[in-house]
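Colleague: For reference, the file entry_6.txt (compact mmCIF, N, CA and C atoms) is included below:
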# COMPACT_ATOMS: atom_id res chain seq x y z
N MET A 29 -4.86 -14.73 -5.05
CA MET A 29 -4.31 -14.74 -3.71
C MET A 29 -5.10 -15.76 -2.89
N SER A 30 -4.44 -16.51 -2.07
CA SER A 30 -5.10 -17.53 -1.28
C SER A 30 -5.77 -16.92 -0.06
N ASP A 31 -6.55 -17.73 0.63
CA ASP A 31 -7.27 -17.28 1.82
C ASP A 31 -6.28 -16.90 2.92
N THR A 32 -6.42 -15.68 3.43
CA THR A 32 -5.51 -15.21 4.48
C THR A 32 -6.15 -15.23 5.85
N SER A 33 -7.40 -15.71 5.94
CA SER A 33 -8.12 -15.63 7.21
C SER A 33 -7.46 -16.45 8.32
N SER A 34 -6.71 -17.47 7.96
CA SER A 34 -6.07 -18.30 8.99
C SER A 34 -4.67 -17.79 9.37
N LEU A 35 -4.17 -16.80 8.63
CA LEU A 35 -2.84 -16.27 8.91
C LEU A 35 -2.91 -15.13 9.92
N PRO A 36 -1.92 -15.04 10.80
CA PRO A 36 -1.89 -13.88 11.70
C PRO A 36 -1.58 -12.62 10.89
N THR A 37 -2.14 -11.50 11.31
CA THR A 37 -1.87 -10.22 10.68
C THR A 37 -0.84 -9.47 11.51
N VAL A 38 0.19 -8.99 10.85
CA VAL A 38 1.25 -8.25 11.51
C VAL A 38 1.28 -6.84 10.92
N ARG A 39 1.09 -5.84 11.77
CA ARG A 39 1.17 -4.44 11.32
C ARG A 39 2.57 -3.92 11.64
N VAL A 40 3.18 -3.27 10.65
CA VAL A 40 4.56 -2.80 10.78
C VAL A 40 4.62 -1.32 10.39
N GLY A 41 5.23 -0.51 11.26
CA GLY A 41 5.47 0.89 10.94
C GLY A 41 6.87 1.04 10.37
N LEU A 42 7.00 1.74 9.23
CA LEU A 42 8.29 1.96 8.59
C LEU A 42 8.59 3.46 8.51
N GLY A 43 9.82 3.83 8.82
CA GLY A 43 10.23 5.22 8.73
C GLY A 43 11.10 5.46 7.52
N ILE A 44 10.70 6.41 6.69
CA ILE A 44 11.50 6.84 5.56
C ILE A 44 12.14 8.15 6.00
N VAL A 45 13.35 8.02 6.53
CA VAL A 45 14.06 9.17 7.09
C VAL A 45 15.01 9.69 6.03
N VAL A 46 14.82 10.96 5.66
CA VAL A 46 15.63 11.57 4.61
C VAL A 46 16.50 12.65 5.23
N ARG A 47 17.79 12.58 4.95
CA ARG A 47 18.74 13.59 5.43
C ARG A 47 19.75 13.86 4.31
N GLU A 48 19.88 15.13 3.96
CA GLU A 48 20.83 15.53 2.93
C GLU A 48 20.67 14.71 1.65
N GLY A 49 19.41 14.46 1.29
CA GLY A 49 19.11 13.74 0.06
C GLY A 49 19.33 12.24 0.11
N ARG A 50 19.59 11.70 1.30
CA ARG A 50 19.81 10.25 1.45
C ARG A 50 18.76 9.65 2.38
N ILE A 51 18.54 8.36 2.21
CA ILE A 51 17.55 7.62 3.00
C ILE A 51 18.26 6.64 3.92
N LEU A 52 17.79 6.55 5.15
CA LEU A 52 18.38 5.64 6.13
C LEU A 52 17.84 4.23 5.94
N ILE A 53 18.75 3.26 5.80
CA ILE A 53 18.37 1.85 5.73
C ILE A 53 19.25 1.05 6.69
N GLY A 54 18.76 -0.11 7.09
CA GLY A 54 19.53 -1.00 7.97
C GLY A 54 19.51 -2.42 7.42
N ARG A 55 20.55 -3.17 7.76
CA ARG A 55 20.64 -4.59 7.35
C ARG A 55 20.23 -5.46 8.53
N ARG A 56 19.36 -6.42 8.24
CA ARG A 56 18.88 -7.32 9.29
C ARG A 56 20.00 -8.24 9.75
N ARG A 57 20.00 -8.53 11.05
CA ARG A 57 21.04 -9.37 11.66
C ARG A 57 20.86 -10.84 11.31
N LYS A 58 21.96 -11.58 11.41
CA LYS A 58 21.90 -13.03 11.26
C LYS A 58 20.97 -13.56 12.35
N GLY A 59 20.17 -14.54 11.98
CA GLY A 59 19.23 -15.13 12.93
C GLY A 59 17.86 -14.49 12.88
N ASP A 60 17.74 -13.26 12.36
CA ASP A 60 16.44 -12.60 12.20
C ASP A 60 15.76 -13.16 10.96
N SER A 61 14.44 -13.00 10.88
CA SER A 61 13.79 -13.33 9.62
C SER A 61 14.33 -12.36 8.57
N PHE A 62 14.50 -12.84 7.38
CA PHE A 62 15.09 -12.07 6.28
C PHE A 62 16.51 -11.59 6.62
N ALA A 63 17.25 -12.42 7.35
CA ALA A 63 18.62 -12.08 7.75
C ALA A 63 19.45 -11.66 6.54
N GLY A 64 20.21 -10.60 6.70
CA GLY A 64 21.09 -10.11 5.66
C GLY A 64 20.44 -9.17 4.67
N LEU A 65 19.10 -9.14 4.64
CA LEU A 65 18.43 -8.22 3.73
C LEU A 65 18.38 -6.82 4.35
N TRP A 66 18.19 -5.83 3.51
CA TRP A 66 18.11 -4.44 3.95
C TRP A 66 16.66 -4.07 4.19
N GLU A 67 16.44 -3.06 5.01
CA GLU A 67 15.08 -2.63 5.32
C GLU A 67 15.08 -1.16 5.69
N LEU A 68 13.91 -0.57 5.54
CA LEU A 68 13.69 0.74 6.11
C LEU A 68 13.47 0.52 7.60
N PRO A 69 14.01 1.37 8.46
CA PRO A 69 13.87 1.11 9.90
C PRO A 69 12.41 1.18 10.34
N GLY A 70 12.10 0.38 11.32
CA GLY A 70 10.75 0.31 11.86
C GLY A 70 10.55 -1.02 12.54
N GLY A 71 9.30 -1.38 12.74
CA GLY A 71 9.03 -2.65 13.40
C GLY A 71 7.56 -2.88 13.62
N LYS A 72 7.28 -3.95 14.33
CA LYS A 72 5.90 -4.36 14.60
C LYS A 72 5.22 -3.40 15.56
N CYS A 73 3.96 -3.10 15.22
CA CYS A 73 3.14 -2.27 16.10
C CYS A 73 2.72 -3.10 17.31
N GLU A 74 2.81 -2.50 18.48
CA GLU A 74 2.34 -3.16 19.69
C GLU A 74 0.83 -3.00 19.77
N ALA A 75 0.20 -3.82 20.61
CA ALA A 75 -1.26 -3.75 20.77
C ALA A 75 -1.68 -2.34 21.15
N GLY A 76 -2.64 -1.79 20.41
CA GLY A 76 -3.15 -0.46 20.69
C GLY A 76 -2.27 0.69 20.22
N GLU A 77 -1.14 0.38 19.62
CA GLU A 77 -0.20 1.42 19.18
C GLU A 77 -0.49 1.81 17.73
N SER A 78 -0.54 3.09 17.45
CA SER A 78 -0.74 3.54 16.08
C SER A 78 0.55 3.30 15.29
N PRO A 79 0.46 3.14 13.98
CA PRO A 79 1.68 2.98 13.17
C PRO A 79 2.64 4.16 13.31
N ALA A 80 2.13 5.39 13.40
CA ALA A 80 3.01 6.55 13.56
C ALA A 80 3.76 6.49 14.90
N ASP A 81 3.06 6.12 15.96
CA ASP A 81 3.73 5.98 17.27
C ASP A 81 4.74 4.85 17.25
N CYS A 82 4.42 3.79 16.51
CA CYS A 82 5.35 2.67 16.36
C CYS A 82 6.64 3.14 15.69
N VAL A 83 6.52 3.94 14.64
CA VAL A 83 7.69 4.43 13.94
C VAL A 83 8.56 5.25 14.89
N ARG A 84 7.95 6.16 15.66
CA ARG A 84 8.72 6.97 16.61
C ARG A 84 9.49 6.08 17.60
N ARG A 85 8.78 5.11 18.18
CA ARG A 85 9.38 4.22 19.17
C ARG A 85 10.48 3.36 18.57
N GLU A 86 10.19 2.73 17.44
CA GLU A 86 11.14 1.81 16.83
C GLU A 86 12.41 2.52 16.37
N LEU A 87 12.30 3.70 15.79
CA LEU A 87 13.51 4.39 15.33
C LEU A 87 14.37 4.86 16.49
N LEU A 88 13.75 5.19 17.61
CA LEU A 88 14.54 5.52 18.79
C LEU A 88 15.23 4.26 19.33
N GLU A 89 14.50 3.15 19.41
CA GLU A 89 15.06 1.90 19.93
C GLU A 89 16.11 1.29 18.99
N GLU A 90 15.85 1.32 17.68
CA GLU A 90 16.71 0.63 16.72
C GLU A 90 17.85 1.47 16.17
N MET A 91 17.62 2.79 16.05
CA MET A 91 18.60 3.64 15.36
C MET A 91 19.04 4.85 16.19
N ASN A 92 18.52 4.99 17.41
CA ASN A 92 18.95 6.06 18.31
C ASN A 92 18.58 7.46 17.80
N ILE A 93 17.48 7.57 17.03
CA ILE A 93 17.09 8.88 16.54
C ILE A 93 15.63 9.17 16.87
N ASP A 94 15.36 10.44 17.11
CA ASP A 94 13.98 10.92 17.27
C ASP A 94 13.51 11.42 15.92
N VAL A 95 12.33 10.97 15.52
CA VAL A 95 11.74 11.39 14.26
C VAL A 95 10.30 11.83 14.48
N SER A 96 9.81 12.61 13.53
CA SER A 96 8.40 12.97 13.48
C SER A 96 7.84 12.50 12.15
N PRO A 97 6.90 11.55 12.18
CA PRO A 97 6.25 11.17 10.93
C PRO A 97 5.44 12.36 10.41
N VAL A 98 5.70 12.77 9.17
CA VAL A 98 5.01 13.94 8.62
C VAL A 98 4.01 13.59 7.54
N ARG A 99 4.14 12.42 6.93
CA ARG A 99 3.18 12.01 5.91
C ARG A 99 3.13 10.49 5.83
N ALA A 100 1.93 9.96 5.93
CA ALA A 100 1.73 8.52 5.75
C ALA A 100 1.59 8.24 4.25
N LEU A 101 2.28 7.22 3.79
CA LEU A 101 2.11 6.74 2.42
C LEU A 101 1.09 5.61 2.45
N ALA A 102 0.65 5.18 1.30
CA ALA A 102 -0.33 4.10 1.23
C ALA A 102 0.21 2.83 1.89
N ALA A 103 -0.65 2.18 2.66
CA ALA A 103 -0.27 0.92 3.30
C ALA A 103 -0.02 -0.14 2.23
N ILE A 104 0.87 -1.05 2.54
CA ILE A 104 1.24 -2.13 1.63
C ILE A 104 0.89 -3.44 2.32
N GLU A 105 0.09 -4.26 1.64
CA GLU A 105 -0.27 -5.56 2.19
C GLU A 105 0.46 -6.64 1.40
N HIS A 106 0.99 -7.62 2.15
CA HIS A 106 1.75 -8.69 1.51
C HIS A 106 1.55 -9.98 2.28
N GLN A 107 1.32 -11.05 1.55
CA GLN A 107 1.18 -12.36 2.18
C GLN A 107 2.50 -13.11 2.13
N TYR A 108 2.99 -13.45 3.31
CA TYR A 108 4.12 -14.34 3.45
C TYR A 108 3.57 -15.70 3.84
N PRO A 109 4.37 -16.76 3.79
CA PRO A 109 3.84 -18.08 4.12
C PRO A 109 3.23 -18.19 5.52
N LYS A 110 3.77 -17.44 6.48
CA LYS A 110 3.30 -17.58 7.86
C LYS A 110 2.55 -16.38 8.41
N ALA A 111 2.40 -15.30 7.62
CA ALA A 111 1.71 -14.12 8.13
C ALA A 111 1.26 -13.21 6.98
N TRP A 112 0.20 -12.47 7.27
CA TRP A 112 -0.26 -11.40 6.39
C TRP A 112 0.31 -10.13 6.99
N VAL A 113 1.16 -9.43 6.23
CA VAL A 113 1.86 -8.26 6.75
C VAL A 113 1.29 -7.00 6.12
N ILE A 114 1.04 -6.00 6.96
CA ILE A 114 0.60 -4.69 6.49
C ILE A 114 1.67 -3.69 6.89
N LEU A 115 2.34 -3.13 5.89
CA LEU A 115 3.39 -2.14 6.12
C LEU A 115 2.76 -0.74 6.07
N HIS A 116 3.11 0.08 7.05
CA HIS A 116 2.63 1.46 7.12
C HIS A 116 3.83 2.40 7.01
N PRO A 117 4.19 2.80 5.78
CA PRO A 117 5.37 3.67 5.61
C PRO A 117 5.04 5.15 5.87
N PHE A 118 5.99 5.85 6.49
CA PHE A 118 5.85 7.27 6.78
C PHE A 118 7.10 8.02 6.35
N ILE A 119 6.92 9.14 5.68
CA ILE A 119 8.03 10.06 5.49
C ILE A 119 8.24 10.72 6.85
N CYS A 120 9.49 10.74 7.31
CA CYS A 120 9.78 11.25 8.65
C CYS A 120 10.80 12.38 8.62
N ARG A 121 10.58 13.34 9.48
CA ARG A 121 11.56 14.40 9.69
C ARG A 121 12.49 13.95 10.81
N HIS A 122 13.79 14.04 10.59
CA HIS A 122 14.78 13.69 11.61
C HIS A 122 14.84 14.85 12.60
N GLU A 123 14.52 14.59 13.86
CA GLU A 123 14.48 15.63 14.88
C GLU A 123 15.80 15.76 15.63
N SER A 124 16.32 14.62 16.08
CA SER A 124 17.57 14.66 16.85
C SER A 124 18.18 13.26 16.94
N GLY A 125 19.44 13.25 17.38
CA GLY A 125 20.16 11.99 17.53
C GLY A 125 20.97 11.66 16.30
N GLU A 126 22.07 10.97 16.51
CA GLU A 126 22.90 10.49 15.41
C GLU A 126 22.60 9.02 15.21
N ALA A 127 22.20 8.65 14.01
CA ALA A 127 21.78 7.27 13.74
C ALA A 127 22.92 6.30 14.02
N ARG A 128 22.57 5.22 14.73
CA ARG A 128 23.48 4.11 15.00
C ARG A 128 22.71 2.81 14.84
N ALA A 129 23.38 1.77 14.42
CA ALA A 129 22.74 0.47 14.20
C ALA A 129 22.66 -0.29 15.53
N LEU A 130 21.66 0.07 16.35
CA LEU A 130 21.50 -0.59 17.65
C LEU A 130 20.88 -1.98 17.51
N SER A 131 19.95 -2.14 16.57
CA SER A 131 19.26 -3.42 16.38
C SER A 131 19.44 -3.96 14.97
N ALA A 132 20.46 -3.49 14.31
CA ALA A 132 20.72 -3.95 12.94
C ALA A 132 22.19 -4.34 12.83
N ALA A 133 22.50 -5.16 11.85
CA ALA A 133 23.89 -5.54 11.63
C ALA A 133 24.71 -4.33 11.19
N GLU A 134 24.09 -3.46 10.40
CA GLU A 134 24.72 -2.21 9.97
C GLU A 134 23.64 -1.29 9.45
N MET A 135 23.99 -0.03 9.25
CA MET A 135 23.07 0.94 8.68
C MET A 135 23.83 1.83 7.71
N ARG A 136 23.08 2.41 6.79
CA ARG A 136 23.68 3.29 5.79
C ARG A 136 22.68 4.38 5.42
N TRP A 137 23.23 5.53 5.04
CA TRP A 137 22.47 6.59 4.39
C TRP A 137 22.77 6.44 2.90
N VAL A 138 21.75 6.15 2.08
CA VAL A 138 21.98 5.91 0.66
C VAL A 138 21.17 6.86 -0.21
N ARG A 139 21.70 7.15 -1.38
CA ARG A 139 20.96 7.97 -2.34
C ARG A 139 19.77 7.15 -2.85
N PRO A 140 18.64 7.81 -3.10
CA PRO A 140 17.45 7.07 -3.56
C PRO A 140 17.69 6.18 -4.76
N GLU A 141 18.49 6.66 -5.72
CA GLU A 141 18.72 5.85 -6.92
C GLU A 141 19.55 4.61 -6.63
N GLU A 142 20.20 4.55 -5.47
CA GLU A 142 20.98 3.37 -5.08
C GLU A 142 20.11 2.27 -4.45
N LEU A 143 18.92 2.61 -4.00
CA LEU A 143 18.08 1.64 -3.29
C LEU A 143 17.88 0.33 -4.04
N PRO A 144 17.62 0.34 -5.35
CA PRO A 144 17.42 -0.94 -6.05
C PRO A 144 18.64 -1.85 -6.06
N THR A 145 19.82 -1.34 -5.70
CA THR A 145 21.01 -2.20 -5.66
C THR A 145 21.11 -2.97 -4.35
N TYR A 146 20.24 -2.68 -3.40
CA TYR A 146 20.19 -3.38 -2.12
C TYR A 146 19.03 -4.37 -2.15
N GLU A 147 19.19 -5.51 -1.49
CA GLU A 147 18.13 -6.51 -1.47
C GLU A 147 17.24 -6.30 -0.26
N PHE A 148 15.94 -6.08 -0.51
CA PHE A 148 14.93 -5.85 0.52
C PHE A 148 13.95 -7.02 0.53
N PRO A 149 13.20 -7.23 1.62
CA PRO A 149 12.17 -8.28 1.62
C PRO A 149 11.13 -8.03 0.51
N PRO A 150 10.48 -9.08 0.04
CA PRO A 150 9.54 -8.96 -1.08
C PRO A 150 8.45 -7.90 -0.88
N ALA A 151 7.93 -7.73 0.32
CA ALA A 151 6.85 -6.77 0.54
C ALA A 151 7.28 -5.34 0.26
N ASN A 152 8.58 -5.07 0.26
CA ASN A 152 9.10 -3.71 0.08
C ASN A 152 9.34 -3.33 -1.38
N ARG A 153 9.22 -4.25 -2.31
CA ARG A 153 9.65 -3.99 -3.70
C ARG A 153 9.00 -2.75 -4.31
N GLY A 154 7.69 -2.64 -4.24
CA GLY A 154 7.00 -1.49 -4.83
C GLY A 154 7.39 -0.19 -4.15
N LEU A 155 7.53 -0.21 -2.84
CA LEU A 155 7.92 0.98 -2.10
C LEU A 155 9.33 1.42 -2.49
N ILE A 156 10.25 0.48 -2.62
CA ILE A 156 11.62 0.81 -3.00
C ILE A 156 11.65 1.40 -4.40
N GLU A 157 10.84 0.86 -5.33
CA GLU A 157 10.77 1.42 -6.67
C GLU A 157 10.27 2.86 -6.63
N MET A 158 9.25 3.12 -5.82
CA MET A 158 8.70 4.46 -5.71
C MET A 158 9.74 5.42 -5.11
N LEU A 159 10.41 5.00 -4.04
CA LEU A 159 11.39 5.86 -3.37
C LEU A 159 12.58 6.18 -4.28
N SER A 160 12.92 5.25 -5.15
CA SER A 160 14.08 5.45 -6.02
C SER A 160 13.73 6.23 -7.28
N SER A 161 12.44 6.49 -7.50
CA SER A 161 12.05 7.21 -8.72
C SER A 161 12.44 8.68 -8.64
N ALA A 162 12.73 9.23 -9.78
CA ALA A 162 13.19 10.62 -9.86
C ALA A 162 12.16 11.57 -9.24
N GLY A 163 12.64 12.44 -8.40
CA GLY A 163 11.80 13.49 -7.83
C GLY A 163 11.07 13.14 -6.55
N PHE A 164 10.92 11.86 -6.23
CA PHE A 164 10.13 11.51 -5.04
C PHE A 164 10.78 12.07 -3.78
N ILE A 165 12.07 11.87 -3.62
CA ILE A 165 12.73 12.30 -2.39
C ILE A 165 12.80 13.82 -2.30
N ASP A 166 12.95 14.51 -3.43
CA ASP A 166 12.92 15.96 -3.40
C ASP A 166 11.61 16.45 -2.79
N GLY A 167 10.52 15.83 -3.19
CA GLY A 167 9.22 16.17 -2.63
C GLY A 167 9.14 15.84 -1.15
N ALA A 168 9.73 14.71 -0.74
CA ALA A 168 9.73 14.32 0.67
C ALA A 168 10.54 15.30 1.50
N ILE A 169 11.67 15.77 0.97
CA ILE A 169 12.49 16.74 1.70
C ILE A 169 11.71 18.04 1.86
N ASP A 170 11.06 18.49 0.79
CA ASP A 170 10.26 19.71 0.86
C ASP A 170 9.14 19.56 1.88
N LEU A 171 8.47 18.41 1.89
CA LEU A 171 7.38 18.17 2.82
C LEU A 171 7.88 18.21 4.26
N ALA A 172 8.99 17.54 4.55
CA ALA A 172 9.54 17.52 5.90
C ALA A 172 9.95 18.92 6.34
N ALA A 173 10.53 19.70 5.43
CA ALA A 173 10.95 21.06 5.77
C ALA A 173 9.76 21.96 6.06
N ARG A 174 8.69 21.83 5.26
CA ARG A 174 7.50 22.66 5.46
C ARG A 174 6.80 22.34 6.77
N SER A 175 6.89 21.10 7.23
CA SER A 175 6.18 20.70 8.45
C SER A 175 7.02 20.96 9.70
N ALA A 176 8.20 21.47 9.55
CA ALA A 176 9.08 21.72 10.70
C ALA A 176 8.56 22.88 11.54
Please rewrite the model in this file as structure tokens.
Modeller:
Amino acid sequence: MSDTSSLPTVRVGLGIVVREGRILIGRRRKGDSFAGLWELPGGKCEAGESPADCVRRELLEEMNIDVSPVRALAAIEHQYPKAWVILHPFICRHESGEARALSAAEMRWVRPEELPTYEFPPANRGLIEMLSSAGFIDGAIDLAARSA
């Protein structure tokens, strides 16, 4: 890996929202970086904002839903040509609101095993593989239910 000291670091909170055995994903709009690719909803952390607070804020702003992050997964670090990105994924309990694509071209609730058929940015590859693996989402649903 090359020297990342000259690259800006971008922290991103991601919400893994599971409902009825499906995961919420959104497609990035034309003109956005990674336009047309799919993503787990979330966004850049603001100065002084924790990744969990970022997830709550971003999912309300982008998808019109209130969520509670119930478990942080391991952070994912990835070097892009113009930035060092640290993704902070959280399993989230859906609290209220009906998801709508407010800041995305479209959104879908997909079965975990369908995730690999969607194209995600490179930093998400390992996370998508983990989410699509047998049994992972069942455990996430149980975790969200127990923390309710």
Colleague: Taking only N, CA and C atoms into account, which of A:Arg55, A:His116, A:Arg121, A:Arg99 comes nearest Pro79 of chain A?
Modeller: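 The answer is A:His116, which sits nearest to Pro79 of chain A.
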Colleague: Name the closest residue to Leu155 of chain A among the candidates A:Ile104, A:Arg47, A:Ser131, A:Asp81; distances are taken between atoms, counting only C-alpha atoms.
Modeller: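 Looking at the shortest contact to Leu155 of chain A, the residue is A:Ile104.
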Colleague: Calculate how many Å separate atom CA of Gly59 of chain A from atom CA of Glu147 of chain A, rounding to one decimal.
Modeller: 16.8 Å
Colleague: Just the residues within 9 Å of segment 72-78 of chain A, please, counting only C-alpha atoms, with nothing from its chain fewer than 2 positions along; format it as a ChimeraX atom specification.
Modeller: /A:38-41,70,80-83,86
Colleague: Kindly export the residues of the current selection with N, CA and C atoms, as a tab-separated table (two decimals), in the frame of the given file.
Modeller:
chain	number	residue	atom	x	y	z
A	38	VAL	N	0.19	-8.99	10.85
A	38	VAL	CA	1.25	-8.25	11.51
A	38	VAL	C	1.28	-6.84	10.92
A	39	ARG	N	1.09	-5.84	11.77
A	39	ARG	CA	1.17	-4.44	11.32
A	39	ARG	C	2.57	-3.92	11.64
A	40	VAL	N	3.18	-3.27	10.65
A	40	VAL	CA	4.56	-2.80	10.78
A	40	VAL	C	4.62	-1.32	10.39
A	41	GLY	N	5.23	-0.51	11.26
A	41	GLY	CA	5.47	0.89	10.94
A	41	GLY	C	6.87	1.04	10.37
A	70	GLY	N	12.10	0.38	11.32
A	70	GLY	CA	10.75	0.31	11.86
A	70	GLY	C	10.55	-1.02	12.54
A	80	ALA	N	2.13	5.39	13.40
A	80	ALA	CA	3.01	6.55	13.56
A	80	ALA	C	3.76	6.49	14.90
A	81	ASP	N	3.06	6.12	15.96
A	81	ASP	CA	3.73	5.98	17.27
A	81	ASP	C	4.74	4.85	17.25
A	82	CYS	N	4.42	3.79	16.51
A	82	CYS	CA	5.35	2.67	16.36
A	82	CYS	C	6.64	3.14	15.69
A	83	VAL	N	6.52	3.94	14.64
A	83	VAL	CA	7.69	4.43	13.94
A	83	VAL	C	8.56	5.25	14.89
A	86	GLU	N	10.19	2.73	17.44
A	86	GLU	CA	11.14	1.81	16.83
A	86	GLU	C	12.41	2.52	16.37
Colleague: Could you check how far atom C of Ala103 of chain A sits from atom N of Ala151 of chain A, in Å to one decimal?
Modeller: 11.2 Å
Colleague: Record the distance separating atom CA of Ser161 of chain A and atom CA of Ile44 of chain A, expressed in Å with one decimal.
Modeller: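 For atom CA of Ser161 of chain A relative to atom CA of Ile44 of chain A, the distance reads 14.3 Å.
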Colleague: List every residue of segment 46-175 of chain A that DSSP, applied to the backbone of this structure, places in helix (DSSP H, G or I), and write the result as JSON, numbers by chain.
Modeller: {"A": [79, 80, 81, 82, 83, 84, 85, 86, 87, 88, 89, 90, 91, 140, 141, 142, 143, 144, 145, 150, 151, 152, 153, 154, 155, 156, 157, 158, 159, 160, 164, 165, 166, 167, 168, 169, 170, 171, 172, 173, 174]}
Colleague: Dump N, CA and C atoms for the selected residues as a tab-separated table (two decimals), in the coordinates of the input?
Modeller:
chain	number	residue	atom	x	y	z
A	79	PRO	N	0.46	3.14	13.98
A	79	PRO	CA	1.68	2.98	13.17
A	79	PRO	C	2.64	4.16	13.31
A	80	ALA	N	2.13	5.39	13.40
A	80	ALA	CA	3.01	6.55	13.56
A	80	ALA	C	3.76	6.49	14.90
A	81	ASP	N	3.06	6.12	15.96
A	81	ASP	CA	3.73	5.98	17.27
A	81	ASP	C	4.74	4.85	17.25
A	82	CYS	N	4.42	3.79	16.51
A	82	CYS	CA	5.35	2.67	16.36
A	82	CYS	C	6.64	3.14	15.69
A	83	VAL	N	6.52	3.94	14.64
A	83	VAL	CA	7.69	4.43	13.94
A	83	VAL	C	8.56	5.25	14.89
A	84	ARG	N	7.95	6.16	15.66
A	84	ARG	CA	8.72	6.97	16.61
A	84	ARG	C	9.49	6.08	17.60
A	85	ARG	N	8.78	5.11	18.18
A	85	ARG	CA	9.38	4.22	19.17
A	85	ARG	C	10.48	3.36	18.57
A	86	GLU	N	10.19	2.73	17.44
A	86	GLU	CA	11.14	1.81	16.83
A	86	GLU	C	12.41	2.52	16.37
A	87	LEU	N	12.30	3.70	15.79
A	87	LEU	CA	13.51	4.39	15.33
A	87	LEU	C	14.37	4.86	16.49
A	88	LEU	N	13.75	5.19	17.61
A	88	LEU	CA	14.54	5.52	18.79
A	88	LEU	C	15.23	4.26	19.33
A	89	GLU	N	14.50	3.15	19.41
A	89	GLU	CA	15.06	1.90	19.93
A	89	GLU	C	16.11	1.29	18.99
A	90	GLU	N	15.85	1.32	17.68
A	90	GLU	CA	16.71	0.63	16.72
A	90	GLU	C	17.85	1.47	16.17
A	91	MET	N	17.62	2.79	16.05
A	91	MET	CA	18.60	3.64	15.36
A	91	MET	C	19.04	4.85	16.19
A	140	PRO	N	18.64	7.81	-3.10
A	140	PRO	CA	17.45	7.07	-3.56
A	140	PRO	C	17.69	6.18	-4.76
A	141	GLU	N	18.49	6.66	-5.72
A	141	GLU	CA	18.72	5.85	-6.92
A	141	GLU	C	19.55	4.61	-6.63
A	142	GLU	N	20.20	4.55	-5.47
A	142	GLU	CA	20.98	3.37	-5.08
A	142	GLU	C	20.11	2.27	-4.45
A	143	LEU	N	18.92	2.61	-4.00
A	143	LEU	CA	18.08	1.64	-3.29
A	143	LEU	C	17.88	0.33	-4.04
A	144	PRO	N	17.62	0.34	-5.35
A	144	PRO	CA	17.42	-0.94	-6.05
A	144	PRO	C	18.64	-1.85	-6.06
A	145	THR	N	19.82	-1.34	-5.70
A	145	THR	CA	21.01	-2.20	-5.66
A	145	THR	C	21.11	-2.97	-4.35
A	150	PRO	N	10.48	-9.08	0.04
A	150	PRO	CA	9.54	-8.96	-1.08
A	150	PRO	C	8.45	-7.90	-0.88
A	151	ALA	N	7.93	-7.73	0.32
A	151	ALA	CA	6.85	-6.77	0.54
A	151	ALA	C	7.28	-5.34	0.26
A	152	ASN	N	8.58	-5.07	0.26
A	152	ASN	CA	9.10	-3.71	0.08
A	152	ASN	C	9.34	-3.33	-1.38
A	153	ARG	N	9.22	-4.25	-2.31
A	153	ARG	CA	9.65	-3.99	-3.70
A	153	ARG	C	9.00	-2.75	-4.31
A	154	GLY	N	7.69	-2.64	-4.24
A	154	GLY	CA	7.00	-1.49	-4.83
A	154	GLY	C	7.39	-0.19	-4.15
A	155	LEU	N	7.53	-0.21	-2.84
A	155	LEU	CA	7.92	0.98	-2.10
A	155	LEU	C	9.33	1.42	-2.49
A	156	ILE	N	10.25	0.48	-2.62
A	156	ILE	CA	11.62	0.81	-3.00
A	156	ILE	C	11.65	1.40	-4.40
A	157	GLU	N	10.84	0.86	-5.33
A	157	GLU	CA	10.77	1.42	-6.67
A	157	GLU	C	10.27	2.86	-6.63
A	158	MET	N	9.25	3.12	-5.82
A	158	MET	CA	8.70	4.46	-5.71
A	158	MET	C	9.74	5.42	-5.11
A	159	LEU	N	10.41	5.00	-4.04
A	159	LEU	CA	11.39	5.86	-3.37
A	159	LEU	C	12.58	6.18	-4.28
A	160	SER	N	12.92	5.25	-5.15
A	160	SER	CA	14.08	5.45	-6.02
A	160	SER	C	13.73	6.23	-7.28
A	164	PHE	N	10.92	11.86	-6.23
A	164	PHE	CA	10.13	11.51	-5.04
A	164	PHE	C	10.78	12.07	-3.78
A	165	ILE	N	12.07	11.87	-3.62
A	165	ILE	CA	12.73	12.30	-2.39
A	165	ILE	C	12.80	13.82	-2.30
A	166	ASP	N	12.95	14.51	-3.43
A	166	ASP	CA	12.92	15.96	-3.40
A	166	ASP	C	11.61	16.45	-2.79
A	167	GLY	N	10.52	15.83	-3.19
A	167	GLY	CA	9.22	16.17	-2.63
A	167	GLY	C	9.14	15.84	-1.15
A	168	ALA	N	9.73	14.71	-0.74
A	168	ALA	CA	9.73	14.32	0.67
A	168	ALA	C	10.54	15.30	1.50
A	169	ILE	N	11.67	15.77	0.97
A	169	ILE	CA	12.49	16.74	1.70
A	169	ILE	C	11.71	18.04	1.86
A	170	ASP	N	11.06	18.49	0.79
A	170	ASP	CA	10.26	19.71	0.86
A	170	ASP	C	9.14	19.56	1.88
A	171	LEU	N	8.47	18.41	1.89
A	171	LEU	CA	7.38	18.17	2.82
A	171	LEU	C	7.88	18.21	4.26
A	172	ALA	N	8.99	17.54	4.55
A	172	ALA	CA	9.54	17.52	5.90
A	172	ALA	C	9.95	18.92	6.34
A	173	ALA	N	10.53	19.70	5.43
A	173	ALA	CA	10.95	21.06	5.77
A	173	ALA	C	9.76	21.96	6.06
A	174	ARG	N	8.69	21.83	5.26
A	174	ARG	CA	7.50	22.66	5.46
A	174	ARG	C	6.80	22.34	6.77
Colleague: Pick out the closest residue to Pro149 of chain A from this set: A:Glu48, A:Asp60, A:Glu67, A:Glu90. Count all atoms listed in the file.
Modeller: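 So, comparing all the options, the nearest one is A:Glu67.
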Colleague: Which is closest to Pro36 of chain A among A:Gly71, A:Pro109, A:Pro144, A:Gly154, if we use only C-alpha atoms?
Modeller: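 Result for the nearest residue to Pro36 of chain A: A:Pro109.
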